[in-house]
$ cat entry-v7.cif   # mmCIF, C-alpha atoms
data_upload
loop_
_atom_site.label_atom_id
_atom_site.label_comp_id
_atom_site.auth_asym_id
_atom_site.auth_seq_id
_atom_site.Cartn_x
_atom_site.Cartn_y
_atom_site.Cartn_z
CA MET A 1 10.10 13.62 11.77
CA ILE A 2 11.58 15.71 8.94
CA SER A 3 11.88 15.05 5.24
CA THR A 4 15.24 14.39 3.64
CA VAL A 5 16.50 15.07 0.13
CA LYS A 6 19.42 12.83 -0.87
CA GLN A 7 21.80 13.67 -3.73
CA SER A 8 25.10 12.16 -4.74
CA ALA A 9 27.35 14.80 -3.19
CA PHE A 10 25.41 16.13 -0.24
CA THR A 11 22.29 15.80 1.91
CA ILE A 12 19.81 18.60 2.44
CA ASN A 13 17.27 18.51 5.26
CA GLY A 14 13.82 19.93 4.82
CA CYS A 15 14.27 22.14 7.84
CA ASP A 16 17.22 23.79 6.08
CA PHE A 17 15.21 25.14 3.17
CA ILE A 18 11.60 25.60 4.31
CA ARG A 19 11.77 29.17 5.49
CA SER A 20 9.58 32.22 5.11
CA LYS A 21 10.42 34.88 2.51
CA SER A 22 11.21 37.37 5.21
CA GLN A 23 14.18 35.38 6.47
CA SER A 24 17.46 36.51 4.93
CA LEU A 25 19.56 33.91 3.14
CA ALA A 26 22.71 35.87 3.77
CA SER A 27 22.23 35.88 7.51
CA SER A 28 21.69 32.15 7.56
CA ARG A 29 24.94 31.64 5.59
CA ARG A 30 23.47 28.76 3.61
CA ILE A 31 23.65 28.23 -0.15
CA SER A 32 20.15 28.01 -1.61
CA VAL A 33 19.45 25.26 -4.07
CA LEU A 34 15.69 25.80 -4.27
CA PRO A 35 13.59 28.79 -5.40
CA PRO A 36 12.09 30.80 -2.54
CA LEU A 37 8.93 29.34 -1.07
CA PRO A 38 5.88 31.41 -0.17
CA ALA A 39 5.43 32.39 3.45
CA MET A 40 3.57 29.90 5.62
CA LYS A 41 0.62 31.27 7.55
CA SER A 42 0.43 28.34 9.94
CA ARG A 43 2.09 28.01 13.30
CA ARG A 44 5.85 28.53 13.48
CA SER A 45 7.60 25.43 12.27
CA SER A 46 11.04 24.84 10.86
CA GLY A 47 10.33 21.39 9.44
CA VAL A 48 7.75 19.17 7.88
CA SER A 49 5.89 17.42 10.67
CA ILE A 50 4.58 14.02 9.63
CA SER A 51 4.20 10.65 11.29
CA LYS A 52 6.89 8.90 9.23
CA PRO A 53 10.15 10.12 7.66
CA VAL A 54 9.78 10.96 3.97
CA PHE A 55 12.53 10.63 1.38
CA VAL A 56 12.40 12.67 -1.84
CA SER A 57 12.74 10.42 -4.89
CA SER A 58 12.70 13.12 -7.59
CA VAL A 59 12.59 16.93 -7.74
CA GLU A 60 11.68 18.55 -11.03
CA SER A 61 12.72 22.16 -10.43
CA PHE A 62 16.33 22.01 -9.31
CA GLY A 63 19.60 20.23 -9.94
CA GLY A 64 23.13 20.49 -8.57
CA LEU A 65 23.82 23.88 -6.95
CA LYS A 66 22.20 25.91 -9.74
CA ARG A 67 19.30 28.07 -8.80
CA SER A 68 16.25 27.68 -11.01
CA ASN A 69 13.59 30.29 -11.73
CA GLU A 70 11.07 27.72 -12.93
CA LYS A 71 8.05 27.34 -10.64
CA THR A 72 4.79 25.54 -10.77
CA ASP A 73 1.50 27.40 -10.99
CA SER A 74 1.26 27.39 -7.22
CA GLY A 75 4.76 28.77 -6.79
CA LEU A 76 6.09 25.58 -5.20
CA VAL A 77 8.78 23.18 -6.23
CA LYS A 78 7.21 19.96 -7.54
CA CYS A 79 8.75 16.84 -6.04
CA LYS A 80 7.84 13.22 -5.39
CA ALA A 81 8.55 11.33 -2.16
CA TYR A 82 8.06 7.98 -0.50
CA GLU A 83 7.78 6.83 3.09
CA ALA A 84 10.89 5.50 4.75
CA ASP A 85 9.37 2.08 5.43
CA ARG A 86 8.65 1.45 1.75
CA ALA A 87 10.92 -1.03 0.00
CA GLU A 88 11.58 1.40 -2.86
CA PRO A 89 10.52 4.80 -4.24
CA ILE A 90 7.24 5.14 -6.06
CA GLU A 91 9.13 5.87 -9.26
CA GLY A 92 12.75 6.07 -10.31
CA PRO A 93 15.70 3.70 -10.71
CA GLU A 94 16.13 0.71 -8.46
CA SER A 95 17.95 1.57 -5.25
CA LYS A 96 21.17 -0.10 -4.20
CA THR A 97 19.51 -1.53 -1.10
CA GLU A 98 16.84 -3.22 -3.23
CA VAL A 99 19.48 -4.72 -5.51
CA ALA A 100 21.35 -5.99 -2.46
CA ARG A 101 18.12 -7.48 -1.07
CA LYS A 102 17.43 -9.36 -4.32
CA MET A 103 20.99 -10.66 -4.38
CA LYS A 104 20.53 -11.84 -0.79
CA ILE A 105 17.35 -13.70 -1.74
CA GLY A 106 19.16 -15.28 -4.69
CA VAL A 107 21.90 -16.52 -2.39
CA TYR A 108 19.25 -17.92 -0.02
CA PHE A 109 17.55 -19.82 -2.86
CA ALA A 110 20.78 -21.22 -4.29
CA THR A 111 21.94 -22.31 -0.82
CA TRP A 112 18.53 -23.81 -0.02
CA TRP A 113 18.46 -25.91 -3.20
CA PHE A 114 22.08 -27.01 -2.85
CA LEU A 115 21.69 -28.08 0.79
CA ASN A 116 18.45 -29.90 0.00
CA VAL A 117 20.06 -31.88 -2.82
CA ILE A 118 22.99 -32.85 -0.56
CA PHE A 119 20.60 -33.90 2.22
CA ASN A 120 18.54 -36.11 -0.08
CA ILE A 121 21.65 -37.82 -1.41
CA TYR A 122 23.06 -38.64 2.03
CA ASN A 123 19.64 -39.49 3.40
CA LYS A 124 19.08 -42.08 0.68
CA LYS A 125 22.59 -43.50 1.17
CA VAL A 126 21.94 -43.94 4.89
CA LEU A 127 18.52 -45.51 4.36
CA ASN A 128 19.91 -47.96 1.78
CA ALA A 129 22.54 -49.21 4.25
CA PHE A 130 20.64 -48.60 7.51
CA PRO A 131 16.87 -48.93 6.82
CA PHE A 132 15.57 -47.42 10.04
CA PRO A 133 13.64 -44.28 9.05
CA TRP A 134 12.35 -43.53 12.55
CA LEU A 135 15.84 -43.30 14.01
CA THR A 136 17.10 -41.42 10.95
CA SER A 137 14.32 -38.85 11.38
CA THR A 138 15.11 -38.53 15.09
CA LEU A 139 18.81 -37.93 14.42
CA SER A 140 17.94 -35.16 11.95
CA LEU A 141 15.90 -33.31 14.56
CA ALA A 142 18.48 -33.96 17.29
CA ALA A 143 21.29 -32.50 15.18
CA GLY A 144 19.27 -29.36 14.47
CA SER A 145 18.35 -28.91 18.11
CA LEU A 146 21.97 -29.29 19.20
CA ILE A 147 23.22 -26.82 16.57
CA MET A 148 20.76 -24.15 17.68
CA LEU A 149 21.37 -24.67 21.41
CA ILE A 150 25.10 -24.20 20.82
CA SER A 151 24.42 -21.12 18.67
CA TRP A 152 22.31 -19.57 21.42
CA ALA A 153 24.80 -20.46 24.16
CA LEU A 154 27.72 -18.92 22.23
CA ARG A 155 25.50 -15.98 21.18
CA ILE A 156 26.11 -16.69 17.53
CA ALA A 157 22.35 -16.29 17.18
CA GLU A 158 20.05 -14.40 19.49
CA ALA A 159 17.84 -16.70 21.55
CA PRO A 160 14.10 -16.13 21.05
CA LYS A 161 11.93 -14.72 23.81
CA THR A 162 9.10 -17.18 24.22
CA ASP A 163 6.39 -17.91 26.75
CA LEU A 164 4.03 -20.77 27.54
CA GLU A 165 1.45 -19.47 25.07
CA PHE A 166 4.04 -19.62 22.28
CA TRP A 167 4.76 -23.30 22.93
CA LYS A 168 1.04 -24.09 23.14
CA THR A 169 0.42 -22.63 19.70
CA LEU A 170 3.54 -24.34 18.36
CA PHE A 171 2.54 -27.81 19.59
CA PRO A 172 0.03 -28.73 16.82
CA VAL A 173 2.49 -27.38 14.25
CA ALA A 174 5.20 -29.64 15.72
CA VAL A 175 2.90 -32.68 15.67
CA ALA A 176 2.11 -32.16 11.99
CA HIS A 177 5.78 -31.47 11.21
CA THR A 178 6.84 -34.68 12.98
CA ILE A 179 4.33 -36.82 11.09
CA GLY A 180 5.27 -35.27 7.75
CA HIS A 181 9.00 -35.66 8.38
CA VAL A 182 8.79 -39.31 9.42
CA ALA A 183 6.35 -40.20 6.62
CA ALA A 184 8.65 -38.69 3.99
CA THR A 185 11.65 -40.56 5.42
CA VAL A 186 9.71 -43.84 5.44
CA SER A 187 8.78 -43.20 1.81
CA MET A 188 12.42 -42.61 0.80
CA SER A 189 13.45 -45.83 2.53
CA LYS A 190 11.13 -47.81 0.23
CA VAL A 191 11.22 -46.01 -3.14
CA ALA A 192 13.51 -43.79 -5.19
CA VAL A 193 14.10 -40.21 -4.05
CA SER A 194 12.76 -38.93 -7.35
CA PHE A 195 9.47 -40.81 -6.96
CA THR A 196 8.94 -39.50 -3.42
CA HIS A 197 9.43 -35.92 -4.58
CA ILE A 198 7.16 -36.39 -7.59
CA ILE A 199 4.36 -37.50 -5.27
CA LYS A 200 5.18 -34.70 -2.82
CA SER A 201 4.76 -32.18 -5.63
CA GLY A 202 1.04 -32.94 -5.28
CA GLU A 203 0.90 -31.13 -1.93
CA PRO A 204 -1.01 -28.11 -3.41
CA ALA A 205 -3.90 -30.41 -4.30
CA PHE A 206 -4.24 -31.49 -0.67
CA SER A 207 -3.91 -27.89 0.45
CA VAL A 208 -6.85 -26.80 -1.68
CA LEU A 209 -9.00 -29.78 -0.72
CA VAL A 210 -8.39 -29.38 3.01
CA SER A 211 -8.91 -25.62 2.89
CA ARG A 212 -12.09 -25.98 0.84
CA PHE A 213 -13.88 -28.79 2.66
CA LEU A 214 -12.59 -28.40 6.23
CA LEU A 215 -12.03 -24.65 6.47
CA GLY A 216 -14.69 -23.49 4.00
CA GLU A 217 -12.29 -21.37 1.96
CA SER A 218 -13.00 -20.69 -1.71
CA PHE A 219 -10.49 -20.28 -4.53
CA PRO A 220 -10.53 -18.84 -8.05
CA THR A 221 -11.39 -21.20 -10.89
CA ALA A 222 -7.79 -21.08 -12.10
CA VAL A 223 -6.63 -22.67 -8.85
CA TYR A 224 -8.98 -25.63 -9.26
CA LEU A 225 -7.94 -26.04 -12.90
CA SER A 226 -4.27 -26.13 -11.90
CA LEU A 227 -4.99 -29.22 -9.80
CA ILE A 228 -5.77 -31.24 -12.94
CA PRO A 229 -2.16 -31.47 -14.17
CA ILE A 230 -0.90 -31.95 -10.61
CA ILE A 231 -3.15 -34.93 -9.90
CA GLY A 232 -2.83 -36.31 -13.43
CA GLY A 233 0.96 -36.00 -13.47
CA CYS A 234 1.37 -37.67 -10.07
CA GLY A 235 -1.00 -40.46 -11.08
CA LEU A 236 0.83 -41.05 -14.34
CA SER A 237 4.19 -41.22 -12.54
CA ALA A 238 2.83 -43.64 -9.95
CA LEU A 239 1.36 -45.97 -12.56
CA THR A 240 4.56 -46.08 -14.60
CA GLU A 241 7.03 -46.26 -11.67
CA LEU A 242 9.26 -49.30 -12.17
CA ASN A 243 9.95 -49.81 -8.45
CA PHE A 244 6.52 -48.91 -7.10
CA ASN A 245 5.93 -49.66 -3.43
CA TRP A 246 2.71 -49.03 -1.53
CA ILE A 247 4.47 -48.09 1.71
CA GLY A 248 6.64 -45.61 -0.15
CA PHE A 249 3.66 -44.16 -2.00
CA SER A 250 1.54 -43.95 1.16
CA GLY A 251 4.37 -42.31 3.10
CA ALA A 252 4.68 -39.53 0.52
CA MET A 253 0.91 -38.99 0.52
CA ILE A 254 0.73 -38.86 4.34
CA SER A 255 3.62 -36.39 4.31
CA ASN A 256 1.65 -34.15 1.93
CA VAL A 257 -1.40 -34.11 4.20
CA ALA A 258 0.70 -33.55 7.34
CA PHE A 259 2.58 -30.60 5.88
CA VAL A 260 -0.67 -29.02 4.71
CA PHE A 261 -1.97 -29.09 8.29
CA ARG A 262 1.40 -27.85 9.52
CA ASN A 263 1.07 -24.78 7.31
CA ILE A 264 -2.54 -24.20 8.39
CA PHE A 265 -1.70 -24.45 12.10
CA SER A 266 1.35 -22.26 11.62
CA LYS A 267 -0.62 -19.48 9.90
CA LYS A 268 -3.39 -19.51 12.49
CA GLY A 269 -1.30 -19.89 15.62
CA MET A 270 1.74 -17.73 14.90
CA LYS A 271 0.05 -14.48 13.93
CA GLY A 272 1.56 -11.61 15.88
CA LYS A 273 4.47 -13.68 17.21
CA SER A 274 7.77 -11.83 16.95
CA VAL A 275 10.08 -14.81 16.37
CA SER A 276 12.47 -14.88 13.43
CA GLY A 277 12.24 -17.63 10.84
CA MET A 278 15.47 -19.25 11.99
CA ASN A 279 14.46 -19.34 15.66
CA TYR A 280 10.93 -20.41 14.81
CA TYR A 281 12.23 -23.47 13.01
CA ALA A 282 14.69 -24.16 15.87
CA CYS A 283 11.84 -24.22 18.40
CA LEU A 284 9.76 -26.36 16.04
CA CYS A 285 12.67 -28.79 15.66
CA MET A 286 13.16 -29.15 19.43
CA LEU A 287 9.49 -29.74 20.14
CA SER A 288 9.25 -32.27 17.29
CA LEU A 289 12.26 -34.10 18.74
CA LEU A 290 10.49 -34.46 22.10
CA ILE A 291 7.39 -35.80 20.35
CA LEU A 292 9.20 -38.21 18.03
CA THR A 293 11.78 -39.83 20.35
CA PRO A 294 9.44 -42.08 22.38
CA PHE A 295 7.65 -43.24 19.21
CA ALA A 296 10.96 -44.05 17.50
CA ILE A 297 12.02 -46.16 20.48
CA ALA A 298 8.66 -47.96 20.53
CA VAL A 299 8.51 -48.67 16.77
CA GLU A 300 12.13 -49.70 16.13
CA GLY A 301 14.02 -49.79 19.43
CA PRO A 302 17.70 -49.83 20.47
CA GLN A 303 18.16 -53.57 19.84
CA MET A 304 17.13 -53.29 16.19
CA TRP A 305 19.28 -50.17 15.80
CA ALA A 306 22.34 -51.94 17.22
CA LEU A 307 21.95 -54.94 14.90
CA GLY A 308 21.28 -52.72 11.91
CA PHE A 309 24.27 -50.49 12.65
CA GLU A 310 26.58 -53.49 13.03
CA LYS A 311 25.41 -54.82 9.66
CA ALA A 312 25.84 -51.40 8.00
CA VAL A 313 29.40 -51.04 9.32
CA SER A 314 30.31 -54.51 8.03
CA GLN A 315 28.98 -53.64 4.56
CA ILE A 316 29.87 -49.96 4.22
CA GLY A 317 32.56 -49.39 6.80
CA PRO A 318 33.04 -46.52 9.27
CA GLN A 319 31.92 -43.99 6.67
CA ILE A 320 28.31 -44.87 7.53
CA VAL A 321 28.84 -42.68 10.61
CA TRP A 322 29.83 -39.76 8.38
CA TRP A 323 26.78 -40.34 6.17
CA MET A 324 24.45 -40.29 9.18
CA ALA A 325 26.04 -37.13 10.55
CA ALA A 326 25.94 -35.43 7.15
CA GLN A 327 22.29 -36.18 6.46
CA SER A 328 21.34 -34.94 9.94
CA VAL A 329 23.28 -31.67 9.68
CA PHE A 330 22.23 -30.93 6.09
CA TYR A 331 18.59 -31.57 6.97
CA HIS A 332 18.72 -28.85 9.59
CA LEU A 333 20.69 -26.44 7.43
CA TYR A 334 18.40 -26.61 4.42
CA ASN A 335 15.30 -26.16 6.57
CA GLN A 336 16.93 -23.31 8.47
CA VAL A 337 17.80 -21.48 5.24
CA SER A 338 14.30 -22.02 3.86
CA TYR A 339 12.72 -20.50 6.98
CA MET A 340 15.22 -17.62 6.88
CA SER A 341 14.22 -16.92 3.28
CA LEU A 342 10.58 -16.68 4.38
CA ASP A 343 11.55 -13.53 6.32
CA GLU A 344 12.62 -11.91 3.03
CA ILE A 345 10.09 -13.09 0.44
CA SER A 346 6.37 -13.56 -0.08
CA PRO A 347 4.66 -16.96 0.25
CA LEU A 348 4.15 -16.97 -3.54
CA THR A 349 7.86 -16.55 -4.24
CA PHE A 350 8.61 -19.23 -1.66
CA SER A 351 6.15 -21.60 -3.35
CA ILE A 352 7.83 -21.08 -6.73
CA GLY A 353 11.23 -21.64 -5.13
CA ASN A 354 9.96 -24.85 -3.56
CA THR A 355 8.82 -26.07 -6.99
CA MET A 356 12.25 -25.37 -8.48
CA LYS A 357 13.83 -27.14 -5.51
CA ARG A 358 11.91 -30.33 -6.30
CA ILE A 359 13.11 -30.20 -9.90
CA SER A 360 16.74 -29.95 -8.77
CA VAL A 361 16.30 -32.84 -6.30
CA ILE A 362 14.54 -35.11 -8.84
CA VAL A 363 17.08 -34.51 -11.60
CA SER A 364 20.15 -34.81 -9.35
CA SER A 365 18.91 -37.99 -7.63
CA ILE A 366 18.17 -39.65 -10.98
CA ILE A 367 21.69 -38.85 -12.16
CA ILE A 368 23.54 -39.80 -8.96
CA PHE A 369 21.62 -43.00 -8.16
CA ARG A 370 21.14 -43.88 -11.83
CA THR A 371 17.44 -44.38 -11.32
CA PRO A 372 15.80 -45.99 -14.35
CA VAL A 373 13.10 -43.67 -15.69
CA GLN A 374 10.66 -44.45 -18.47
CA PRO A 375 9.69 -41.61 -20.85
CA VAL A 376 6.08 -41.80 -19.68
CA ASN A 377 7.22 -41.56 -16.05
CA ALA A 378 9.31 -38.49 -16.83
CA LEU A 379 6.36 -36.95 -18.65
CA GLY A 380 4.15 -37.48 -15.61
CA ALA A 381 6.74 -35.78 -13.39
CA ALA A 382 7.00 -32.82 -15.76
CA ILE A 383 3.20 -32.42 -15.88
CA ALA A 384 2.90 -32.55 -12.08
CA ILE A 385 5.64 -29.96 -11.58
CA LEU A 386 4.12 -27.71 -14.25
CA GLY A 387 0.79 -27.96 -12.45
CA THR A 388 2.47 -26.95 -9.19
CA PHE A 389 3.93 -23.88 -10.90
CA LEU A 390 0.55 -22.95 -12.40
CA TYR A 391 -1.04 -23.36 -8.97
CA SER A 392 1.41 -20.92 -7.40
CA GLN A 393 0.65 -18.40 -10.15
CA ALA A 394 -3.11 -18.86 -9.86
CA LYS A 395 -3.06 -18.21 -6.11
CA GLN A 396 -1.32 -14.84 -6.60
#

$ encode --input "entry-v7.cif" --output "structure tokens"
Amino acid sequence: MISTVKQSAFTINGCDFIRSKSQSLASSRRISVLPPLPAMKSRRSSGVSISKPVFVSSVESFGGLKRSNEKTDSGLVKCKAYEADRAEPIEGPESKTEVARKMKIGVYFATWWFLNVIFNIYNKKVLNAFPFPWLTSTLSLAAGSLIMLISWALRIAEAPKTDLEFWKTLFPVAVAHTIGHVAATVSMSKVAVSFTHIIKSGEPAFSVLVSRFLLGESFPTAVYLSLIPIIGGCGLSALTELNFNWIGFSGAMISNVAFVFRNIFSKKGMKGKSVSGMNYYACLCMLSLLILTPFAIAVEGPQMWALGFEKAVSQIGPQIVWWMAAQSVFYHLYNQVSYMSLDEISPLTFSIGNTMKRISVIVSSIIIFRTPVQPVNALGAAIAILGTFLYSQAKQ
């Protein structure tokens, strides 16, 4: 490959100016912008041969089309470069592509939080009128699967290339995802949305405990210290929750454990797999749907669903159908955007974004559903969320 110097008005290739002194500039009919370089004693070469393309980020001895007589002690122009696969130059102002990438990540985060808030609102509305969390969870996965199948069929999105080994490694991830999804939905059917998310903010504590005692991993002291406000804040919120329910509390706790194992299985099984975040979640959604459907039928069943739907329609009206469709579609969309953002950011940034997402969900649900909150309960939530933020920083 050859090196490239980029300036505002023109582009100069390394092979255009690395010449021996004996070569005449007049005969080449090129305008020189660099001082003459000493003759190379190596094999004949008209370019810089390296394994990766190199872009020059700054050159100290020339500017514009003016020829400079200033040289370094070695007689060479002094310049700095960076490899083409780097996100940005070693030094110098931020590139336009990097600014565009950060703006893209910002749009992802804003969309992720917005869609998640909308999902939680409609999900709670559905569960209040139609308290069948197993069917509600199944519909969420079914809607996502259908959306992605249509996208692949119409070539809106490129279908992933998978094999049997891919689905084998995805299976334990899907099992954990299914358990966590259903458990969280069961929790929201029994308690306030805000309380479920306060308890779910304790997921880092389970992550550390599982990784430490089952996987033998060790963490810095700061990580263990960050668990104190997480556990203390969640405990304080649980003790002061006005509408405390053991099923709701247990569902949120089970969801935490399940999602911890989902992340562990995903990290171990998906190394080296070339599947985008969007398609990875689509495959996960489809496999979870196959796992969940028979259990939903066994636990609740069509007869209970029919009676419950008839009652919901009599109380709410036909708009219950719109609520169910909305919660299913928004569930898929917010998860899809979150997995797409993982392709652009580090796990640490994603963890911080997830913490901010919980804050937006808790605050918006309290306002919309007018959930009564005691000052001590709010303090516990704030402490737990602060602990989650400190945990993400300590793991950096």

$ residues_around --input "entry-v7.cif" --residues "Phe249 (chain A)" --least-positions-apart "2" --cutoff "12 Å" --atoms "all atoms listed in the file" --output "JSON, numbers by chain"
{"A": [183, 184, 185, 186, 187, 188, 189, 190, 191, 192, 193, 194, 195, 196, 197, 198, 199, 200, 202, 234, 235, 237, 238, 239, 241, 243, 244, 245, 246, 247, 251, 252, 253, 254, 255, 256]}

$ residues_near_point --input "entry-v7.cif" --point "(21.2, -46.7, 15.3)" --cutoff "10 Å" --atoms "all atoms listed in the file" --output "JSON, numbers by chain"
{"A": [130, 131, 132, 134, 135, 136, 139, 300, 301, 302, 303, 304, 305, 306, 307, 308, 309, 310, 312, 321, 324]}

$ resolve_selection --input "entry-v7.cif" --expression "the PyMOL selection byres ((chain A and resi 224) around 12)" --output "list in words"
Pro204, Ala205, Phe206, Ser207, Val208, Leu209, Arg212, Ser218, Phe219, Pro220, Thr221, Ala222, Val223, Leu225, Ser226, Leu227, Ile228, Pro229, Ile230, Ile231, Gly387, Thr388, Leu390, Tyr391, Ser392, Ala394 and Lys395 of chain A

$ residues_around --input "entry-v7.cif" --residues "region 355-365 of chain A" --least-positions-apart "2" --cutoff "8 Å" --atoms "only C-alpha atoms" --output "list in words"
Trp112, Trp113, Asn116, Val117, Asn120, Ile121, Val193, Ser194, Phe195, His197, Ile198, Ser201, Ser351, Ile352, Gly353, Ile367, Ile368, Phe369, Arg370, Thr371, Ile385, Thr388 and Phe389 of chain A

$ write_last_selection --input "entry-v7.cif" --atoms "C-alpha atoms" --output "mmCIF file, in the frame of the given file"
data_model
loop_
_atom_site.group_PDB
_atom_site.id
_atom_site.type_symbol
_atom_site.label_atom_id
_atom_site.label_comp_id
_atom_site.auth_asym_id
_atom_site.auth_seq_id
_atom_site.Cartn_x
_atom_site.Cartn_y
_atom_site.Cartn_z
ATOM 1 C CA TRP A 112 18.530 -23.810 -0.020
ATOM 2 C CA TRP A 113 18.460 -25.910 -3.200
ATOM 3 C CA ASN A 116 18.450 -29.900 0.000
ATOM 4 C CA VAL A 117 20.060 -31.880 -2.820
ATOM 5 C CA ASN A 120 18.540 -36.110 -0.080
ATOM 6 C CA ILE A 121 21.650 -37.820 -1.410
ATOM 7 C CA VAL A 193 14.100 -40.210 -4.050
ATOM 8 C CA SER A 194 12.760 -38.930 -7.350
ATOM 9 C CA PHE A 195 9.470 -40.810 -6.960
ATOM 10 C CA HIS A 197 9.430 -35.920 -4.580
ATOM 11 C CA ILE A 198 7.160 -36.390 -7.590
ATOM 12 C CA SER A 201 4.760 -32.180 -5.630
ATOM 13 C CA SER A 351 6.150 -21.600 -3.350
ATOM 14 C CA ILE A 352 7.830 -21.080 -6.730
ATOM 15 C CA GLY A 353 11.230 -21.640 -5.130
ATOM 16 C CA ILE A 367 21.690 -38.850 -12.160
ATOM 17 C CA ILE A 368 23.540 -39.800 -8.960
ATOM 18 C CA PHE A 369 21.620 -43.000 -8.160
ATOM 19 C CA ARG A 370 21.140 -43.880 -11.830
ATOM 20 C CA THR A 371 17.440 -44.380 -11.320
ATOM 21 C CA ILE A 385 5.640 -29.960 -11.580
ATOM 22 C CA THR A 388 2.470 -26.950 -9.190
ATOM 23 C CA PHE A 389 3.930 -23.880 -10.900
#

$ residues_near_point --input "entry-v7.cif" --point "(13.9, -17.8, 12.7)" --cutoff "10 Å" --atoms "all atoms listed in the file" --output "ChimeraX atom specification"
/A:157-160,274-283,336-343

$ resolve_selection --input "entry-v7.cif" --expression "the PyMOL selection byres ((chain A and resi 260-267) around 8)" --output "list in words"
Leu170, Pro172, Val173, Ala174, Val175, Ala176, His177, Glu203, Phe206, Ser207, Val210, Asn256, Val257, Ala258, Phe259, Lys268, Gly269, Met270 and Lys271 of chain A

$ resolve_selection --input "entry-v7.cif" --expression "the PyMOL selection byres ((chain A and resi 327) around 12)" --output "PyMOL selection string"
chain A and resi 115-127+136-144+185+320-326+328-334

$ atom_distance --input "entry-v7.cif" --atom1 "CA of Ala129 (chain A)" --atom2 "CA of Ile179 (chain A)"
23.1 Å

$ closest_residue --input "entry-v7.cif" --among "A:Gln315, A:Thr169, A:Asn335, A:Asn128" --to "Tyr108 (chain A)" --atoms "all atoms listed in the file"
A:Asn335

$ atom_distance --input "entry-v7.cif" --atom1 "CA of Ile147 (chain A)" --atom2 "CA of Thr293 (chain A)"
17.7 Å

$ atom_distance --input "entry-v7.cif" --atom1 "CA of Cys285 (chain A)" --atom2 "CA of Ser145 (chain A)"
6.2 Å

$ closest_residue --input "entry-v7.cif" --among "A:Ala153, A:Val182, A:Leu164, A:Val99" --to "Val299 (chain A)" --atoms "only C-alpha atoms"
A:Val182
